[in-house]
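To keep things clear, I will list the structure first and then write my remarks on it.
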Amino acid sequence: MKYTPPPESRPIERDMTRDKPWAWFQKAALNKIRSQCDDAKSAIAVYLALCEIASDEQSNNFRASMDKIAAKCCLSRRTVFSKLNELEFNGLVEIHRSATNENFKMPSAYILLRCETNARP
């Protein structure tokens, strides 16, 4: 039986067509992170930050600095670097690292990849 709160305490329901913007992620990717990554909480935070940036850019292919990703997921640059490597190893993101010179480093390019599921119909 579905619970219906009294009218005075009922929250305003979300309208997906009106209440924008939304960020989307693939649930299979979260399940893969939980099962494959050390410190899954941090890996999920980094993955969701990447999804949010992709949503902002309206593309699964985007550039972002390490500082921007770290700020979005509230983690240190060192942790983000480590978790990005894990996400890449697990086939969830493709990273094209930018060249560095002594004065400037371009943000790396990221492509969020489809998580292939092994589920059978």
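In the structure tokens, chains take letters A, B, ... by order of appearance, with residues numbered from 1 within each chain and ligands from 1 in the order shown.
For range 76-79 of chain A, the set of protein, DNA and RNA residues having any atom at most 7 Å away, when counting only C-alpha atoms and skipping those fewer than 5 positions along the same chain, is Met66, Asp67 and Ala70 of chain A.
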Save out the residues we just selected, C-alpha atoms, as a JSON list (two decimals), in the first residue's frame.
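Produced file result-v8.json, reproduced below:
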```json
[["chain", "number", "residue", "atom", "x", "y", "z"],
["A", 66, "MET", "CA", 41.12, 18.62, -12.32],
["A", 67, "ASP", "CA", 40.21, 21.60, -10.11],
["A", 70, "ALA", "CA", 37.48, 18.20, -7.53]]
```
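You can rank A:Ala29, A:Ala40, A:Ala109, A:Cys73 by their closest distance to Arg97 in chain A using only C-alpha atoms, and at the top of that list sits A:Ala109.
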Taking only C-alpha atoms into account, which of A:Leu112, A:Ile95, A:Leu75, A:Leu87 comes nearest Ile33 in chain A?
A:Leu87
Distance in Å - CA of Ser82 in chain A versus CA of Ala43 in chain A:
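Atom-to-atom, CA of Ser82 in chain A to CA of Ala43 in chain A, that is 8.8 Å.
Between CA of Ala49 in chain A and CA of Lys72 in chain A there is a distance of 5.4 Å.
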Spatial neighbours of Ile53 in chain A, 9 Å, only C-alpha atoms, chain gap at least 2 places, as an MDAnalysis selection string
chainID A and resid 23 48:51 55:60 62:64 68:69 72
Written selection (all heavy atoms) as a compact mmCIF listing (two decimals), in the first residue's frame:
```txt
# COMPACT_ATOMS: atom_id res chain seq x y z
N ALA A 23 20.51 16.17 -14.44
CA ALA A 23 21.72 15.45 -14.86
C ALA A 23 21.39 13.97 -14.84
O ALA A 23 20.72 13.48 -13.92
CB ALA A 23 22.88 15.73 -13.90
N LEU A 48 29.75 11.00 -10.68
CA LEU A 48 28.60 11.91 -10.72
C LEU A 48 29.02 13.33 -11.07
O LEU A 48 28.29 14.05 -11.77
CB LEU A 48 27.84 11.88 -9.40
CG LEU A 48 27.11 10.56 -9.10
CD1 LEU A 48 26.44 10.63 -7.74
CD2 LEU A 48 26.10 10.23 -10.19
N ALA A 49 30.21 13.75 -10.63
CA ALA A 49 30.72 15.07 -11.02
C ALA A 49 30.93 15.12 -12.53
O ALA A 49 30.58 16.11 -13.19
CB ALA A 49 32.03 15.38 -10.29
N LEU A 50 31.49 14.04 -13.10
CA LEU A 50 31.66 13.98 -14.56
C LEU A 50 30.31 14.03 -15.27
O LEU A 50 30.16 14.72 -16.29
CB LEU A 50 32.43 12.73 -14.95
CG LEU A 50 33.88 12.63 -14.49
CD1 LEU A 50 34.46 11.26 -14.85
CD2 LEU A 50 34.73 13.75 -15.06
N CYS A 51 29.32 13.32 -14.73
CA CYS A 51 27.98 13.34 -15.33
C CYS A 51 27.36 14.72 -15.27
O CYS A 51 26.71 15.16 -16.22
CB CYS A 51 27.07 12.33 -14.62
SG CYS A 51 27.49 10.61 -14.92
N SER A 55 26.39 16.98 -18.43
CA SER A 55 25.05 17.55 -18.56
C SER A 55 25.12 19.06 -18.82
O SER A 55 24.42 19.58 -19.68
CB SER A 55 24.24 17.27 -17.29
OG SER A 55 22.97 17.85 -17.36
N ASP A 56 25.99 19.75 -18.07
CA ASP A 56 26.15 21.19 -18.28
C ASP A 56 26.62 21.49 -19.71
O ASP A 56 26.19 22.48 -20.31
CB ASP A 56 27.17 21.77 -17.30
CG ASP A 56 26.67 21.76 -15.86
OD1 ASP A 56 25.46 21.57 -15.64
OD2 ASP A 56 27.53 21.92 -14.95
N GLU A 57 27.50 20.64 -20.23
CA GLU A 57 28.03 20.82 -21.58
C GLU A 57 27.10 20.25 -22.65
O GLU A 57 27.35 20.42 -23.84
CB GLU A 57 29.41 20.16 -21.70
CG GLU A 57 30.45 20.74 -20.79
CD GLU A 57 30.83 22.17 -21.15
OE1 GLU A 57 30.82 22.50 -22.36
OE2 GLU A 57 31.12 22.95 -20.23
N GLN A 58 26.07 19.54 -22.23
CA GLN A 58 25.11 18.88 -23.12
C GLN A 58 25.79 17.92 -24.09
O GLN A 58 25.44 17.84 -25.27
CB GLN A 58 24.26 19.91 -23.86
CG GLN A 58 23.45 20.77 -22.91
CD GLN A 58 22.59 21.79 -23.62
OE1 GLN A 58 22.47 21.80 -24.83
NE2 GLN A 58 21.97 22.65 -22.84
N SER A 59 26.80 17.21 -23.57
CA SER A 59 27.55 16.28 -24.39
C SER A 59 28.31 15.31 -23.49
O SER A 59 28.75 15.69 -22.41
CB SER A 59 28.56 17.03 -25.27
OG SER A 59 29.37 16.13 -25.98
N ASN A 60 28.46 14.07 -23.95
CA ASN A 60 29.25 13.11 -23.17
C ASN A 60 30.75 13.30 -23.46
O ASN A 60 31.58 12.61 -22.89
CB ASN A 60 28.83 11.68 -23.47
CG ASN A 60 29.22 11.22 -24.85
OD1 ASN A 60 29.15 12.00 -25.81
ND2 ASN A 60 29.63 9.99 -24.98
N PHE A 62 33.65 16.19 -23.33
CA PHE A 62 33.87 17.53 -22.80
C PHE A 62 35.29 17.67 -22.24
O PHE A 62 35.98 16.68 -22.06
CB PHE A 62 32.85 17.84 -21.68
CG PHE A 62 32.88 16.84 -20.56
CD1 PHE A 62 33.70 17.03 -19.46
CD2 PHE A 62 32.11 15.69 -20.62
CE1 PHE A 62 33.74 16.11 -18.44
CE2 PHE A 62 32.15 14.75 -19.60
CZ PHE A 62 32.97 14.96 -18.50
N ARG A 63 35.70 18.90 -21.99
CA ARG A 63 36.97 19.19 -21.33
C ARG A 63 36.68 19.71 -19.93
O ARG A 63 35.73 20.48 -19.74
CB ARG A 63 37.77 20.24 -22.10
CG ARG A 63 38.36 19.74 -23.37
CD ARG A 63 39.36 20.74 -23.94
NE ARG A 63 40.02 20.17 -25.09
CZ ARG A 63 41.07 19.36 -25.04
NH1 ARG A 63 41.59 19.04 -23.89
NH2 ARG A 63 41.61 18.88 -26.14
N ALA A 64 37.52 19.32 -18.98
CA ALA A 64 37.38 19.82 -17.61
C ALA A 64 38.72 19.76 -16.91
O ALA A 64 39.49 18.82 -17.12
CB ALA A 64 36.34 19.01 -16.84
N LYS A 68 38.16 21.72 -11.42
CA LYS A 68 36.71 21.78 -11.59
C LYS A 68 36.06 20.48 -11.12
O LYS A 68 35.04 20.51 -10.42
CB LYS A 68 36.36 22.03 -13.07
CG LYS A 68 34.89 22.14 -13.34
CD LYS A 68 34.61 22.50 -14.78
CE LYS A 68 33.13 22.70 -15.01
NZ LYS A 68 32.86 23.21 -16.35
N ILE A 69 36.64 19.35 -11.49
CA ILE A 69 36.08 18.06 -11.08
C ILE A 69 36.15 17.92 -9.56
O ILE A 69 35.19 17.52 -8.91
CB ILE A 69 36.81 16.90 -11.78
CG1 ILE A 69 36.62 16.99 -13.30
CG2 ILE A 69 36.31 15.55 -11.26
CD1 ILE A 69 37.54 16.09 -14.10
N LYS A 72 33.47 19.98 -7.89
CA LYS A 72 32.13 19.40 -8.05
C LYS A 72 31.89 18.24 -7.10
O LYS A 72 30.78 18.05 -6.62
CB LYS A 72 31.91 18.91 -9.48
CG LYS A 72 31.78 19.99 -10.51
CD LYS A 72 30.38 20.48 -10.61
CE LYS A 72 30.24 21.46 -11.76
NZ LYS A 72 28.98 22.18 -11.69
```
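Between CA of Ile111 in chain A and CA of Glu94 in chain A there is a distance of 5.0 Å.
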Which residues, written as JSON, numbers by chain, have at least one atom at most 12 Å from Cys37 in chain A, with only C-alpha atoms counted and residues fewer than 4 positions away on the same chain left out?
{"A": [29, 30, 31, 32, 33, 41, 42, 43, 44, 46, 47, 82, 83, 84, 85, 86, 87, 88, 89, 90, 91, 92]}
Name the closest residue to Val93 in chain A among the candidates A:Thr117, A:Glu52, A:Asn61, A:Phe81; distances are taken between atoms, counting only C-alpha atoms.
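Among A:Thr117, A:Glu52, A:Asn61, A:Phe81, it is A:Asn61 that comes nearest to Val93 in chain A.
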Could you pull out the strand (DSSP E or B) residues of range 13-121 of chain A from DSSP and send them as a ChimeraX atom specification?
/A:61-64,93-96,100,105,108-112
